[in-house]
Structure formats: C-alpha cells, structure tokens
$ cat my_file.tsv   # TSV, C-alpha atoms
chain	number	residue	atom	x	y	z
A	1	MET	CA	-38.46	5.48	-4.57
A	2	LYS	CA	-36.70	2.26	-3.69
A	3	ASN	CA	-33.09	1.80	-4.72
A	4	ALA	CA	-31.78	-1.75	-4.93
A	5	VAL	CA	-28.05	-1.40	-5.35
A	6	LEU	CA	-26.25	-4.43	-6.70
A	7	SER	CA	-24.34	-5.79	-3.77
A	8	VAL	CA	-21.81	-8.31	-2.52
A	9	GLY	CA	-22.26	-11.78	-3.99
A	10	ALA	CA	-24.19	-10.64	-7.06
A	11	GLU	CA	-22.93	-11.21	-10.57
A	12	PHE	CA	-21.81	-7.96	-12.19
A	13	PRO	CA	-24.04	-7.30	-15.22
A	14	ALA	CA	-22.71	-7.92	-18.72
A	15	PHE	CA	-22.04	-4.73	-20.68
A	16	THR	CA	-20.48	-3.34	-23.84
A	17	LYS	CA	-19.85	0.39	-23.68
A	18	LYS	CA	-17.82	3.05	-25.42
A	19	ALA	CA	-15.03	4.60	-23.39
A	20	VAL	CA	-12.53	7.39	-23.76
A	21	VAL	CA	-9.03	6.00	-23.41
A	22	SER	CA	-6.83	8.75	-24.85
A	23	ILE	CA	-6.82	12.36	-25.99
A	24	GLU	CA	-4.66	11.48	-28.98
A	25	LYS	CA	-6.46	12.05	-32.31
A	26	GLY	CA	-7.78	8.80	-33.74
A	27	LYS	CA	-7.15	6.85	-30.53
A	28	GLU	CA	-9.76	8.47	-28.31
A	29	PHE	CA	-12.36	5.73	-28.14
A	30	TYR	CA	-12.43	2.06	-27.26
A	31	GLU	CA	-15.32	-0.32	-26.78
A	32	ILE	CA	-15.04	-2.05	-23.42
A	33	SER	CA	-16.93	-5.23	-22.72
A	34	SER	CA	-17.40	-7.24	-19.58
A	35	GLU	CA	-16.33	-10.22	-21.67
A	36	GLU	CA	-12.89	-8.78	-22.40
A	37	ILE	CA	-12.44	-7.97	-18.73
A	38	LYS	CA	-13.40	-11.48	-17.68
A	39	ALA	CA	-11.07	-12.94	-20.32
A	40	SER	CA	-8.19	-10.93	-18.86
A	41	GLY	CA	-8.52	-12.87	-15.59
A	42	LYS	CA	-8.18	-9.68	-13.58
A	43	TRP	CA	-10.21	-7.92	-10.93
A	44	MET	CA	-12.22	-4.85	-11.89
A	45	VAL	CA	-12.73	-1.68	-9.92
A	46	MET	CA	-15.45	0.49	-11.43
A	47	PHE	CA	-16.16	3.85	-9.88
A	48	TRP	CA	-18.97	6.19	-10.85
A	49	TRP	CA	-19.46	9.91	-10.62
A	50	PRO	CA	-22.61	11.96	-11.25
A	51	LYS	CA	-21.66	14.42	-13.99
A	52	ASP	CA	-18.67	15.52	-16.01
A	53	PHE	CA	-17.66	19.19	-15.69
A	54	THR	CA	-18.61	19.44	-12.02
A	55	PHE	CA	-16.40	20.33	-9.09
A	56	VAL	CA	-15.82	17.41	-6.68
A	57	CYS	CA	-15.34	15.00	-9.56
A	58	PRO	CA	-11.97	15.99	-11.06
A	59	THR	CA	-10.28	15.95	-7.63
A	60	GLU	CA	-11.60	12.51	-6.95
A	61	ILE	CA	-10.87	11.21	-10.44
A	62	ALA	CA	-7.32	12.60	-10.28
A	63	GLU	CA	-6.90	10.81	-6.95
A	64	PHE	CA	-7.94	7.49	-8.48
A	65	ASN	CA	-5.51	8.17	-11.34
A	66	LYS	CA	-2.68	8.85	-8.90
A	67	HIS	CA	-3.20	5.33	-7.59
A	68	TYR	CA	-3.57	3.75	-11.04
A	69	GLN	CA	-0.41	1.68	-10.60
A	70	ASP	CA	-1.51	0.58	-7.13
A	71	PHE	CA	-4.62	-0.94	-8.69
A	72	ALA	CA	-2.56	-2.51	-11.51
A	73	ASP	CA	-0.24	-4.03	-8.91
A	74	ARG	CA	-3.30	-5.60	-7.31
A	75	ASP	CA	-4.18	-7.14	-10.69
A	76	ALA	CA	-7.19	-4.87	-11.05
A	77	ILE	CA	-8.52	-3.02	-14.08
A	78	LEU	CA	-9.61	0.45	-13.04
A	79	ILE	CA	-12.56	1.99	-14.89
A	80	GLY	CA	-14.24	5.33	-14.28
A	81	ALA	CA	-17.83	5.79	-15.39
A	82	SER	CA	-20.72	8.21	-15.60
A	83	THR	CA	-23.87	8.58	-17.64
A	84	ASP	CA	-22.28	11.26	-19.84
A	85	SER	CA	-21.53	10.40	-23.46
A	86	GLU	CA	-18.03	9.56	-24.72
A	87	PHE	CA	-17.92	12.96	-26.44
A	88	VAL	CA	-18.63	14.78	-23.20
A	89	HIS	CA	-15.93	12.67	-21.48
A	90	LEU	CA	-13.43	13.60	-24.19
A	91	ALA	CA	-14.31	17.29	-24.04
A	92	TRP	CA	-13.92	17.25	-20.26
A	93	ARG	CA	-10.55	15.51	-20.44
A	94	ASN	CA	-9.32	18.01	-23.00
A	95	ASN	CA	-10.66	20.86	-20.96
A	96	HIS	CA	-9.27	20.02	-17.52
A	97	ASP	CA	-5.57	20.02	-16.56
A	98	ASP	CA	-5.99	17.25	-13.98
A	99	LEU	CA	-7.71	14.94	-16.46
A	100	ARG	CA	-5.50	15.03	-19.56
A	101	GLY	CA	-3.11	12.42	-18.23
A	102	LEU	CA	-5.72	9.89	-17.13
A	103	GLN	CA	-4.49	6.32	-17.46
A	104	PHE	CA	-7.81	4.53	-17.04
A	105	PRO	CA	-10.78	4.42	-19.42
A	106	MET	CA	-13.75	6.75	-18.86
A	107	LEU	CA	-16.78	4.65	-19.62
A	108	ALA	CA	-19.83	6.29	-21.22
A	109	ASP	CA	-23.08	4.78	-20.00
A	110	THR	CA	-25.05	7.10	-22.25
A	111	SER	CA	-28.16	4.91	-22.28
A	112	LYS	CA	-27.92	4.64	-18.45
A	113	SER	CA	-28.63	0.95	-18.82
A	114	LEU	CA	-25.66	-0.19	-16.72
A	115	ALA	CA	-26.27	2.38	-13.97
A	116	GLN	CA	-29.89	1.26	-13.96
A	117	GLU	CA	-28.94	-2.40	-13.57
A	118	LEU	CA	-26.50	-1.51	-10.81
A	119	GLY	CA	-29.25	0.40	-9.01
A	120	ILE	CA	-27.22	3.58	-8.62
A	121	LEU	CA	-29.37	6.11	-10.52
A	122	GLU	CA	-30.51	9.11	-8.55
A	123	ALA	CA	-34.30	9.45	-8.94
A	124	GLU	CA	-34.68	13.03	-10.08
A	125	GLU	CA	-31.88	13.72	-12.53
A	126	LYS	CA	-31.17	10.09	-13.42
A	127	ILE	CA	-27.47	10.55	-12.79
A	128	ALA	CA	-25.22	8.05	-11.00
A	129	TYR	CA	-24.40	8.22	-7.30
A	130	ARG	CA	-20.74	7.98	-6.34
A	131	ALA	CA	-20.74	4.22	-6.37
A	132	THR	CA	-17.70	1.96	-6.36
A	133	PHE	CA	-17.73	-1.73	-7.24
A	134	VAL	CA	-14.95	-4.23	-6.71
A	135	VAL	CA	-15.50	-7.28	-8.92
A	136	ASP	CA	-13.39	-10.44	-8.72
A	137	PRO	CA	-11.97	-12.30	-11.76
A	138	GLN	CA	-15.06	-14.55	-11.77
A	139	GLY	CA	-17.30	-11.53	-12.27
A	140	THR	CA	-18.78	-11.53	-8.76
A	141	VAL	CA	-19.27	-8.27	-6.90
A	142	ARG	CA	-17.09	-8.40	-3.76
A	143	TRP	CA	-17.56	-4.85	-2.48
A	144	THR	CA	-20.04	-2.06	-3.10
A	145	SER	CA	-19.98	1.43	-1.73
A	146	VAL	CA	-22.44	4.17	-2.57
A	147	TYR	CA	-21.94	7.78	-1.55
A	148	ASP	CA	-24.40	10.59	-2.06
A	149	LEU	CA	-23.74	13.11	-4.82
A	150	SER	CA	-21.72	15.58	-2.76
A	151	VAL	CA	-19.55	13.13	-0.83
A	152	GLY	CA	-16.04	12.42	-2.10
A	153	ARG	CA	-14.39	9.03	-1.78
A	154	ASN	CA	-11.23	7.82	-0.08
A	155	VAL	CA	-9.22	5.92	-2.69
A	156	LYS	CA	-6.94	4.39	-0.06
A	157	GLU	CA	-9.98	2.75	1.50
A	158	VAL	CA	-10.67	1.03	-1.83
A	159	LEU	CA	-7.07	-0.25	-1.89
A	160	ARG	CA	-7.40	-1.42	1.71
A	161	VAL	CA	-10.55	-3.34	0.81
A	162	MET	CA	-8.75	-4.97	-2.13
A	163	ASP	CA	-5.85	-6.00	0.09
A	164	ALA	CA	-8.27	-7.58	2.52
A	165	LEU	CA	-10.19	-9.37	-0.23
A	166	GLN	CA	-6.98	-10.65	-1.79
A	167	SER	CA	-5.17	-11.31	1.48
A	168	ASP	CA	-3.11	-14.41	1.11
A	169	GLU	CA	-1.11	-15.44	4.11
A	170	LEU	CA	0.15	-18.71	2.71
A	171	CYS	CA	3.16	-19.10	4.95
A	172	PRO	CA	3.24	-22.51	6.66
A	173	CYS	CA	4.52	-20.74	9.79
A	174	ASN	CA	0.92	-19.81	10.45
A	175	TRP	CA	-0.26	-23.36	9.90
A	176	GLN	CA	-2.63	-24.38	12.67
A	177	LYS	CA	-3.09	-27.83	14.02
A	178	GLY	CA	-6.05	-29.53	12.40
A	179	GLU	CA	-5.80	-27.69	9.12
A	180	ALA	CA	-5.43	-30.22	6.35
A	181	THR	CA	-3.21	-28.18	4.07
A	182	LEU	CA	-2.50	-24.69	2.82
A	183	LYS	CA	-5.39	-22.91	1.20
A	184	ALA	CA	-4.09	-21.64	-2.13
B	185	MET	CA	-6.10	-3.24	-23.83
B	186	PHE	CA	-5.61	-4.24	-20.21
B	187	ALA	CA	-2.01	-5.43	-20.32
B	188	THR	CA	0.28	-3.94	-17.68
B	189	ASN	CA	3.97	-4.20	-16.93
B	190	THR	CA	5.94	-4.01	-13.74
B	191	GLN	CA	8.57	-1.44	-14.82
B	192	ASP	CA	6.51	1.31	-13.20
B	193	THR	CA	6.08	-0.89	-10.13
B	194	ALA	CA	9.85	-0.98	-9.58
B	195	LEU	CA	10.12	2.79	-9.99
B	196	GLN	CA	7.26	3.45	-7.58
B	197	LEU	CA	8.76	1.03	-5.08
B	198	LEU	CA	12.02	3.00	-5.10
B	199	GLN	CA	10.07	6.22	-4.78
B	200	VAL	CA	8.24	5.19	-1.60
B	201	VAL	CA	11.57	4.52	0.13
B	202	GLY	CA	12.99	7.88	-0.87
B	203	LEU	CA	14.97	6.80	-3.91
B	204	PRO	CA	13.13	8.50	-6.78
B	205	GLY	CA	14.89	8.75	-10.11
B	206	THR	CA	17.70	6.41	-9.09
B	207	GLU	CA	18.85	3.60	-11.33
B	208	VAL	CA	16.85	0.43	-10.71
B	209	PRO	CA	19.16	-2.04	-8.90
B	210	ALA	CA	19.98	-5.22	-10.87
B	211	LYS	CA	17.86	-7.67	-8.88
B	212	LEU	CA	14.78	-5.44	-9.01
B	213	ALA	CA	15.40	-4.78	-12.72
B	214	ALA	CA	15.56	-8.51	-13.36
B	215	LEU	CA	12.22	-9.02	-11.58
B	216	ALA	CA	10.69	-6.17	-13.58
B	217	ALA	CA	12.05	-7.56	-16.85
B	218	ALA	CA	10.50	-10.96	-16.07
B	219	ASP	CA	7.24	-9.22	-15.10
B	220	ALA	CA	7.52	-11.16	-11.84
B	221	ARG	CA	4.41	-11.21	-9.70
B	222	TYR	CA	6.51	-10.91	-6.54
B	223	LEU	CA	7.56	-7.38	-7.45
B	224	LYS	CA	3.93	-6.25	-7.14
B	225	ASP	CA	3.57	-7.96	-3.76
B	226	LEU	CA	6.80	-6.36	-2.57
B	227	LYS	CA	5.70	-2.89	-3.59
B	228	ILE	CA	2.32	-3.33	-1.89
B	229	ASN	CA	4.00	-4.74	1.24
B	230	VAL	CA	6.47	-1.87	1.48
B	231	SER	CA	3.90	0.88	0.83
B	232	ASN	CA	1.35	-0.63	3.21
B	233	ALA	CA	3.93	-1.20	5.96
B	234	LEU	CA	5.12	2.41	5.73
B	235	ASP	CA	1.50	3.55	5.72
B	236	ALA	CA	0.38	1.68	8.85
B	237	ALA	CA	-2.19	3.68	10.82
B	238	THR	CA	-0.30	3.28	14.12
B	239	LEU	CA	2.95	4.66	12.68
B	240	PRO	CA	3.04	8.40	12.02
B	241	LYS	CA	5.15	9.13	8.91
B	242	LYS	CA	8.13	10.35	10.92
B	243	ASP	CA	8.19	7.21	13.07
B	244	ALA	CA	7.85	4.97	10.02
B	245	TYR	CA	10.74	6.66	8.20
B	246	LEU	CA	12.95	6.63	11.30
B	247	ILE	CA	12.32	2.90	11.70
B	248	GLY	CA	13.12	2.45	7.99
B	249	LEU	CA	16.31	4.42	8.53
B	250	SER	CA	17.42	2.20	11.38
B	251	VAL	CA	16.77	-0.93	9.29
B	252	ALA	CA	18.82	0.53	6.41
B	253	ILE	CA	21.71	1.20	8.81
B	254	ASN	CA	21.45	-2.23	10.39
B	255	GLU	CA	21.44	-3.90	6.97
B	256	LYS	CA	24.36	-1.71	5.79
B	257	LEU	CA	22.55	-0.13	2.85
B	258	PRO	CA	23.90	3.43	2.37
B	259	ALA	CA	21.58	4.38	-0.53
B	260	LEU	CA	18.49	3.29	1.37
B	261	GLN	CA	19.81	5.04	4.48
B	262	GLY	CA	20.05	8.28	2.48
B	263	GLY	CA	16.54	7.79	1.14
B	264	PHE	CA	14.97	7.29	4.55
B	265	GLU	CA	16.99	10.12	6.04
B	266	GLN	CA	15.57	12.54	3.46
B	267	LEU	CA	12.05	11.24	4.00
B	268	ALA	CA	12.39	11.51	7.80
B	269	LEU	CA	13.72	15.07	7.57
B	270	ALA	CA	10.86	16.01	5.24
B	271	ALA	CA	8.42	14.49	7.75
B	272	GLY	CA	9.79	16.76	10.49
B	273	ALA	CA	12.65	14.77	12.03
B	274	THR	CA	15.64	16.78	13.31
B	275	ASP	CA	19.35	16.05	12.86
B	276	LYS	CA	19.53	15.16	16.55
B	277	GLU	CA	16.74	12.61	16.13
B	278	ILE	CA	18.50	11.10	13.12
B	279	ALA	CA	21.67	10.87	15.20
B	280	ASP	CA	19.67	9.09	17.89
B	281	ILE	CA	18.50	6.49	15.38
B	282	VAL	CA	22.05	5.94	14.17
B	283	SER	CA	23.23	5.56	17.77
B	284	CYS	CA	20.39	3.28	18.79
B	285	THR	CA	20.99	0.98	15.82
B	286	SER	CA	24.69	0.76	16.56
B	287	LEU	CA	24.14	0.12	20.27
B	288	MET	CA	21.63	-2.61	19.53
B	289	ASN	CA	24.22	-4.33	17.36
B	290	ALA	CA	26.41	-4.62	20.44
B	291	ASN	CA	23.59	-5.60	22.77
B	292	ASN	CA	22.04	-8.14	20.41
B	293	VAL	CA	25.29	-10.09	20.28
B	294	TYR	CA	26.16	-9.69	23.92
B	295	TYR	CA	22.79	-10.51	25.46
B	296	ARG	CA	22.22	-13.32	23.00
B	297	PHE	CA	25.38	-14.91	24.33
B	298	ARG	CA	24.16	-14.59	27.91
B	299	HIS	CA	20.80	-15.98	26.91
B	300	PHE	CA	22.35	-18.89	24.99
B	301	VAL	CA	24.69	-19.95	27.78
B	302	GLU	CA	22.53	-19.16	30.79
B	303	LYS	CA	25.31	-19.35	33.37
B	304	GLU	CA	25.10	-17.33	36.52
B	305	PHE	CA	28.51	-15.70	36.20
B	306	TYR	CA	27.77	-14.23	32.78
B	307	THR	CA	24.31	-13.02	33.66
B	308	THR	CA	25.22	-11.48	37.03
B	309	ALA	CA	28.54	-9.85	36.08
B	310	PRO	CA	28.20	-6.13	35.22
B	311	ALA	CA	27.44	-5.65	31.54
B	312	GLY	CA	30.46	-3.42	30.95
B	313	ILE	CA	28.88	-1.70	27.94
B	314	ARG	CA	28.03	1.99	28.17
B	315	MET	CA	24.44	2.75	27.17
B	316	SER	CA	24.02	6.32	28.33
B	317	ILE	CA	21.89	7.27	25.28
B	318	MET	CA	19.15	5.01	26.57
B	319	ALA	CA	18.59	7.28	29.56
B	320	ASN	CA	17.23	10.30	27.75
B	321	PRO	CA	16.90	9.80	23.99
B	322	VAL	CA	15.86	12.78	21.84
B	323	ILE	CA	13.37	10.60	19.95
B	324	GLY	CA	11.66	9.78	23.23
B	325	LYS	CA	11.86	6.58	25.24
B	326	GLU	CA	8.93	4.90	23.55
B	327	LEU	CA	10.26	5.26	20.00
B	328	PHE	CA	13.73	4.31	21.22
B	329	GLU	CA	12.28	1.10	22.64
B	330	LEU	CA	10.33	0.46	19.45
B	331	VAL	CA	13.43	0.85	17.26
B	332	SER	CA	15.40	-1.34	19.68
B	333	LEU	CA	12.75	-4.02	19.37
B	334	VAL	CA	12.71	-3.91	15.55
B	335	ILE	CA	16.49	-4.16	15.31
B	336	SER	CA	16.57	-6.96	17.89
B	337	ALA	CA	13.98	-8.85	15.87
B	338	LEU	CA	16.11	-8.43	12.74
B	339	ASN	CA	19.25	-9.56	14.51
B	340	GLY	CA	17.54	-12.44	16.24
B	341	CYS	CA	18.19	-11.90	19.94
B	342	GLN	CA	15.35	-13.55	21.83
B	343	MET	CA	16.14	-11.95	25.18
B	344	CYS	CA	16.30	-8.47	23.64
B	345	VAL	CA	13.05	-9.00	21.74
B	346	THR	CA	11.10	-10.18	24.78
B	347	SER	CA	12.44	-7.46	27.09
B	348	HIS	CA	11.87	-4.57	24.67
B	349	GLU	CA	8.38	-5.84	23.88
B	350	GLU	CA	7.56	-5.91	27.59
B	351	ALA	CA	9.06	-2.46	28.11
B	352	LEU	CA	6.83	-1.13	25.32
B	353	LEU	CA	3.70	-2.62	26.88
B	354	LYS	CA	4.66	-0.93	30.16
B	355	HIS	CA	4.91	2.34	28.23
B	356	GLY	CA	1.30	1.79	27.18
B	357	THR	CA	2.18	1.08	23.54
B	358	GLU	CA	-0.61	-0.69	21.66
B	359	GLN	CA	0.21	-4.19	20.48
B	360	GLN	CA	-0.93	-3.17	17.00
B	361	ARG	CA	1.80	-0.50	16.88
B	362	ILE	CA	4.39	-3.04	18.00
B	363	LEU	CA	3.28	-5.47	15.31
B	364	ASP	CA	3.21	-2.74	12.64
B	365	ALA	CA	6.75	-1.68	13.54
B	366	VAL	CA	8.11	-5.23	13.37
B	367	ARG	CA	6.29	-5.82	10.08
B	368	LEU	CA	7.87	-2.65	8.71
B	369	GLY	CA	11.32	-3.87	9.77
B	370	ALA	CA	10.76	-7.27	8.20
B	371	VAL	CA	9.44	-5.88	4.93
B	372	ILE	CA	12.20	-3.28	4.57
B	373	LYS	CA	14.75	-6.04	5.12
B	374	SER	CA	13.09	-8.05	2.34
B	375	LEU	CA	13.51	-5.04	0.06
B	376	GLY	CA	17.08	-4.58	1.26
B	377	VAL	CA	18.23	-7.95	-0.02
B	378	LEU	CA	17.24	-6.86	-3.54
B	379	LEU	CA	19.04	-3.51	-3.50

$ encode --input "my_file.tsv" --output "structure tokens"
Amino acid sequence: MKNAVLSVGAEFPAFTKKAVVSIEKGKEFYEISSEEIKASGKWMVMFWWPKDFTFVCPTEIAEFNKHYQDFADRDAILIGASTDSEFVHLAWRNNHDDLRGLQFPMLADTSKSLAQELGILEAEEKIAYRATFVVDPQGTVRWTSVYDLSVGRNVKEVLRVMDALQSDELCPCNWQKGEATLKA
Amino acid sequence: MFATNTQDTALQLLQVVGLPGTEVPAKLAALAAADARYLKDLKINVSNALDAATLPKKDAYLIGLSVAINEKLPALQGGFEQLALAAGATDKEIADIVSCTSLMNANNVYYRFRHFVEKEFYTTAPAGIRMSIMANPVIGKELFELVSLVISALNGCQMCVTSHEEALLKHGTEQQRILDAVRLGAVIKSLGVLL
C-alpha cells in the first residue's frame, strides 16, 4: 500500500462538507466550503483524528481548543476533521465534558473523499491518520504532518510552524546592504 | 462564519502577564475596539517571548518582574510577582530582583556618564557606589547578570550592556538565552507603554 500524502506546495483540494459548529438546538450544523475559507483571506489549519469516541482524541482536541484564540490571532481558521458523520460528531460533543465548549467546527468527511484526496486514509479501517495541514490564504499547503493512529500531537509545534511561516521582520534596522527595499 | 474579534486577544494578553480578570487598560481597549491587527502581534510576541525554550518559567517571570519595576508599572509588577511565586520563586529571590533592578538604575546612569565622557579621572576614580548584592545573589550569579543585561539594554547604557554580555559568555551562557532574555525585556516594555 502506497500512501501519497498531500504535501508542501500542493493546492489544498476543494471541498464542501457538513460540520458541527454548536450544541445549541437548531444551530448544530453548518456547511463549510473551501471557497468560503479562501474568500475570508485567512490561513487554514485542518487537523484530523481517526475516530470519534476514542481515548487520545478528546485530550488532543481539547488542547487545540485551548489554543483556539492563538490560531485566530495568527489569522487562521481552525478546523477539526474525521471521517465520522456530523451526527456522530454531535453525539460525541454532547457526550464528552471536554468537547461541549469547542469553538472550532468539527468537519464530517463521511464519504472519506477529502481524506482520500489528502492521502491520509489508513489502509485497513479507512480512517484518517492524525494529519495536520497548514494552508495559506492562497490555498497552498505550507505544512503537513502525519502521525500514526496512537501518537498525539503537540499543538504548540503547530503554532511555532505558523509563526515561522508568517514571520515578518520588516524593521529597516535589519536592512542589509544590497537589498533593494523591504519585502512586504 | 469565520469572523473573529480581538476582545479575547486583549484579555488573554493580560492573562499571560498575570493580570487575569483585571479591567482592560484604555490603550489596549482602544486597540481591541478598533480590531487593530497590532494587538494580535503584541499578544503573540508577549506569549512567545515568555515561552522561549532557553528561559525556564521562573527565569522568564523574574525578568518580566524586573522590567515592570524598571518601567514603574505596579500592576504589572504584581502580576509577574504572582507568576514567579507560582513558578517556584521565593520571597528572597523576588527581593533580589527588586534590588538588582534598582542597582542597575544607578549603574546605568553612572557608567553611561563615564562611557560618554571617557576621561581618565572619571574612569579611574573609585566608583563610590556600594554593590554588595552582586557578590552573592540568591538568584545566582548567572541570572543576576542576565537581569542586569536586560535592564541595561532597556536603559541604554552601552558600557553596561557590553560588559554584562561578556560576563554572561564567560559564565557559559548560550547566546540564544541572552537574545531570548533581551527580546523578553523589549517586548514587555512594548506592552508596558500600553498599560
């Protein structure tokens, strides 16, 4: 089995998927599209987990949620995703103390089409690896990380990567001879 | 769907410097109300500077404390004091930071004068300022030097900056740690002007 994970420099695939955005009755679901994200002019951080209702996941998801504002401050839209359906996502959120207050959408890739295109489906169960994608406002993948099913992620590392990708030392004090002008 | 605002950014910024639940100071509130992009940068700068890998939490908060004292910001001083205590600092160590910051305020002025004028009499005459706390600081000589360097950088004494930097290198301090400490001092000062 050969896995070709979508990597740095590639265009992130177009998608339209249902997502759980709230546990409030009538406001649970929202259809997220890559088009709306592109139109917002923001970065996107999409992180995947294998299955709802399993153990490592809520800890990791809660950790991403804790840093929700840190992603927002870096002009990034944070999206969590798995191949579970939106109804499973909602049931899990309602069922788990750490997940009720989630501020980011839980995307339901029920058809597994997006996970397939990203190349992150595990062969046997067809569930997603713990993949994380950082996508710039132009829709280009700028960072990919893929962890095996049992390995948790370090959210601070994702923030560090974003800082490095967005690093913008524009101060003329660091202007070096020969440089034509500041790079904006 | 993906709109955000910077009100939470201001609150989180205050939280990372030990001022949770306090009223947002006017200048920060004005930035938040205007949804100013700079507020996000400032929050990221402050959190990242405090989180530098070469600065254990206690060191970072003690450096923050000394900057707050140097910049005469009592609320921020209280915030960093609480954070430092929670990170394991003792009252004696806090007192050392207070003393070091005060002493550097004398030295920065005095040695800057000698450095500006560069006349033999001034540089060879005995200093005439007692500095006995430098001999055996509770926070350890290395951290004492590091704090001295940060405060000297803030107060702009070239001679103090170059000598404390050299003293640190002799202690075996990594240049990255020196840079991280000075960055922390600079960034906390940039927050200070908005408090």

$ atom_distance --input "my_file.tsv" --atom1 "atom CA of Arg142 of chain A" --atom2 "atom CA of Glu60 of chain A"
21.9 Å

$ atom_distance --input "my_file.tsv" --atom1 "atom CA of Glu326 of chain B" --atom2 "atom CA of Val293 of chain B"
22.4 Å

$ axis_aligned_box --input "my_file.tsv" --around "segment 10-20 of chain A" --padding-each-side "3 Å" --output "AutoDock Vina command-line options"
--center_x -18.4 --center_y -1.9 --center_z -16.2 --size_x 17.7 --size_y 24.6 --size_z 24.4

$ interface_residues --input "my_file.tsv" --of "chain B" --to "chain A" --cutoff "8 Å" --atoms "all atoms listed in the file" --output "ChimeraX atom specification"
/B:186,188,190,192-193,224-225,228

$ atom_distance --input "my_file.tsv" --atom1 "atom CA of Arg361 of chain B" --atom2 "atom CA of Ala268 of chain B"
18.4 Å

$ residues_around --input "my_file.tsv" --residues "segment 123-135 of chain A" --least-positions-apart "2" --cutoff "7 Å" --atoms "all atoms listed in the file" --output "PyMOL selection string"
chain A and resi 43-50+82-83+115+120-121+137+139-149

$ closest_residue --input "my_file.tsv" --among "B:Arg367, B:Lys354, B:Lys303, B:Arg221" --to "Ile247 of chain B" --atoms "only C-alpha atoms"
B:Arg367

$ closest_residue --input "my_file.tsv" --among "A:Val5, A:Val158, A:Ala14, A:Leu107" --to "Lys38 of chain A" --atoms "only C-alpha atoms"
A:Ala14

$ residues_around --input "my_file.tsv" --residues "Glu255 of chain B" --least-positions-apart "3" --cutoff "8 Å" --atoms "all atoms listed in the file" --output "PyMOL selection string"
chain B and resi 251-252+373+376

$ write_last_selection --input "my_file.tsv" --atoms "C-alpha atoms" --output "PDB file, in the frame of the given file"
ATOM      1  CA  VAL B 251      16.770  -0.930   9.290  1.00  0.00           C
ATOM      2  CA  ALA B 252      18.820   0.530   6.410  1.00  0.00           C
ATOM      3  CA  LYS B 373      14.750  -6.040   5.120  1.00  0.00           C
ATOM      4  CA  GLY B 376      17.080  -4.580   1.260  1.00  0.00           C
TER       5      GLY B 376
END

$ closest_residue --input "my_file.tsv" --among "A:Val20, A:Ser150, A:Lys2, A:Tyr68" --to "Ala108 of chain A" --atoms "all atoms listed in the file"
A:Val20

$ residues_around --input "my_file.tsv" --residues "Leu114 of chain A" --least-positions-apart "4" --cutoff "8 Å" --atoms "only C-alpha atoms" --output "list in words"
Pro13, Phe15, Asp109 and Leu118 of chain A

$ closest_residue --input "my_file.tsv" --among "A:Val88, A:Met162, A:Ile61, A:Ala39" --to "Ala19 of chain A" --atoms "all atoms listed in the file"
A:Val88

$ residues_around --input "my_file.tsv" --residues "Lys276 of chain B" --least-positions-apart "5" --cutoff "10 Å" --atoms "all atoms listed in the file" --output "list in words"
Ile281, Val282, Pro321, Val322 and Ile323 of chain B

$ residues_around --input "my_file.tsv" --residues "segment 239-242 of chain B" --least-positions-apart "4" --cutoff "12 Å" --atoms "all atoms listed in the file" --output "PyMOL selection string"
chain B and resi 200-201+231-235+246-249+264-274+277-278+281+323+327+330+357-358+360-368

$ closest_residue --input "my_file.tsv" --among "B:Ser316, B:Gln359, B:Thr308, B:Thr285" --to "Val331 of chain B" --atoms "all atoms listed in the file"
B:Thr285

$ build_atoms --input "my_file.tsv" --residues "segment 299-312 of chain B" --atoms "N, CA and C atoms" --output "PDB file, in the frame of the given file"
ATOM      1  N   HIS B 299      22.036 -15.210  26.981  1.00  0.00           N
ATOM      2  CA  HIS B 299      20.800 -15.980  26.910  1.00  0.00           C
ATOM      3  C   HIS B 299      21.078 -17.409  26.443  1.00  0.00           C
ATOM      4  N   PHE B 300      21.998 -17.553  25.490  1.00  0.00           N
ATOM      5  CA  PHE B 300      22.350 -18.890  24.990  1.00  0.00           C
ATOM      6  C   PHE B 300      22.947 -19.754  26.115  1.00  0.00           C
ATOM      7  N   VAL B 301      23.900 -19.164  26.850  1.00  0.00           N
ATOM      8  CA  VAL B 301      24.690 -19.950  27.780  1.00  0.00           C
ATOM      9  C   VAL B 301      24.002 -20.131  29.133  1.00  0.00           C
ATOM     10  N   GLU B 302      23.287 -19.091  29.543  1.00  0.00           N
ATOM     11  CA  GLU B 302      22.530 -19.160  30.790  1.00  0.00           C
ATOM     12  C   GLU B 302      23.347 -19.629  31.995  1.00  0.00           C
ATOM     13  N   LYS B 303      24.530 -19.011  32.178  1.00  0.00           N
ATOM     14  CA  LYS B 303      25.310 -19.350  33.370  1.00  0.00           C
ATOM     15  C   LYS B 303      25.335 -18.130  34.277  1.00  0.00           C
ATOM     16  N   GLU B 304      25.281 -18.409  35.563  1.00  0.00           N
ATOM     17  CA  GLU B 304      25.100 -17.330  36.520  1.00  0.00           C
ATOM     18  C   GLU B 304      26.173 -16.258  36.405  1.00  0.00           C
ATOM     19  N   PHE B 305      27.431 -16.687  36.243  1.00  0.00           N
ATOM     20  CA  PHE B 305      28.510 -15.700  36.200  1.00  0.00           C
ATOM     21  C   PHE B 305      28.259 -14.657  35.098  1.00  0.00           C
ATOM     22  N   TYR B 306      27.926 -15.149  33.905  1.00  0.00           N
ATOM     23  CA  TYR B 306      27.770 -14.230  32.780  1.00  0.00           C
ATOM     24  C   TYR B 306      26.573 -13.302  32.964  1.00  0.00           C
ATOM     25  N   THR B 307      25.504 -13.842  33.549  1.00  0.00           N
ATOM     26  CA  THR B 307      24.310 -13.020  33.660  1.00  0.00           C
ATOM     27  C   THR B 307      24.365 -12.056  34.849  1.00  0.00           C
ATOM     28  N   THR B 308      25.192 -12.373  35.866  1.00  0.00           N
ATOM     29  CA  THR B 308      25.220 -11.480  37.030  1.00  0.00           C
ATOM     30  C   THR B 308      26.377 -10.486  36.981  1.00  0.00           C
ATOM     31  N   ALA B 309      27.415 -10.791  36.201  1.00  0.00           N
ATOM     32  CA  ALA B 309      28.540  -9.850  36.080  1.00  0.00           C
ATOM     33  C   ALA B 309      28.028  -8.556  35.448  1.00  0.00           C
ATOM     34  N   PRO B 310      28.628  -7.393  35.823  1.00  0.00           N
ATOM     35  CA  PRO B 310      28.200  -6.130  35.220  1.00  0.00           C
ATOM     36  C   PRO B 310      28.378  -6.188  33.701  1.00  0.00           C
ATOM     37  N   ALA B 311      27.440  -5.546  32.992  1.00  0.00           N
ATOM     38  CA  ALA B 311      27.440  -5.650  31.540  1.00  0.00           C
ATOM     39  C   ALA B 311      28.737  -5.096  30.942  1.00  0.00           C
ATOM     40  N   GLY B 312      29.212  -3.965  31.460  1.00  0.00           N
ATOM     41  CA  GLY B 312      30.460  -3.420  30.950  1.00  0.00           C
ATOM     42  C   GLY B 312      30.321  -2.775  29.592  1.00  0.00           C
TER      43      GLY B 312
END
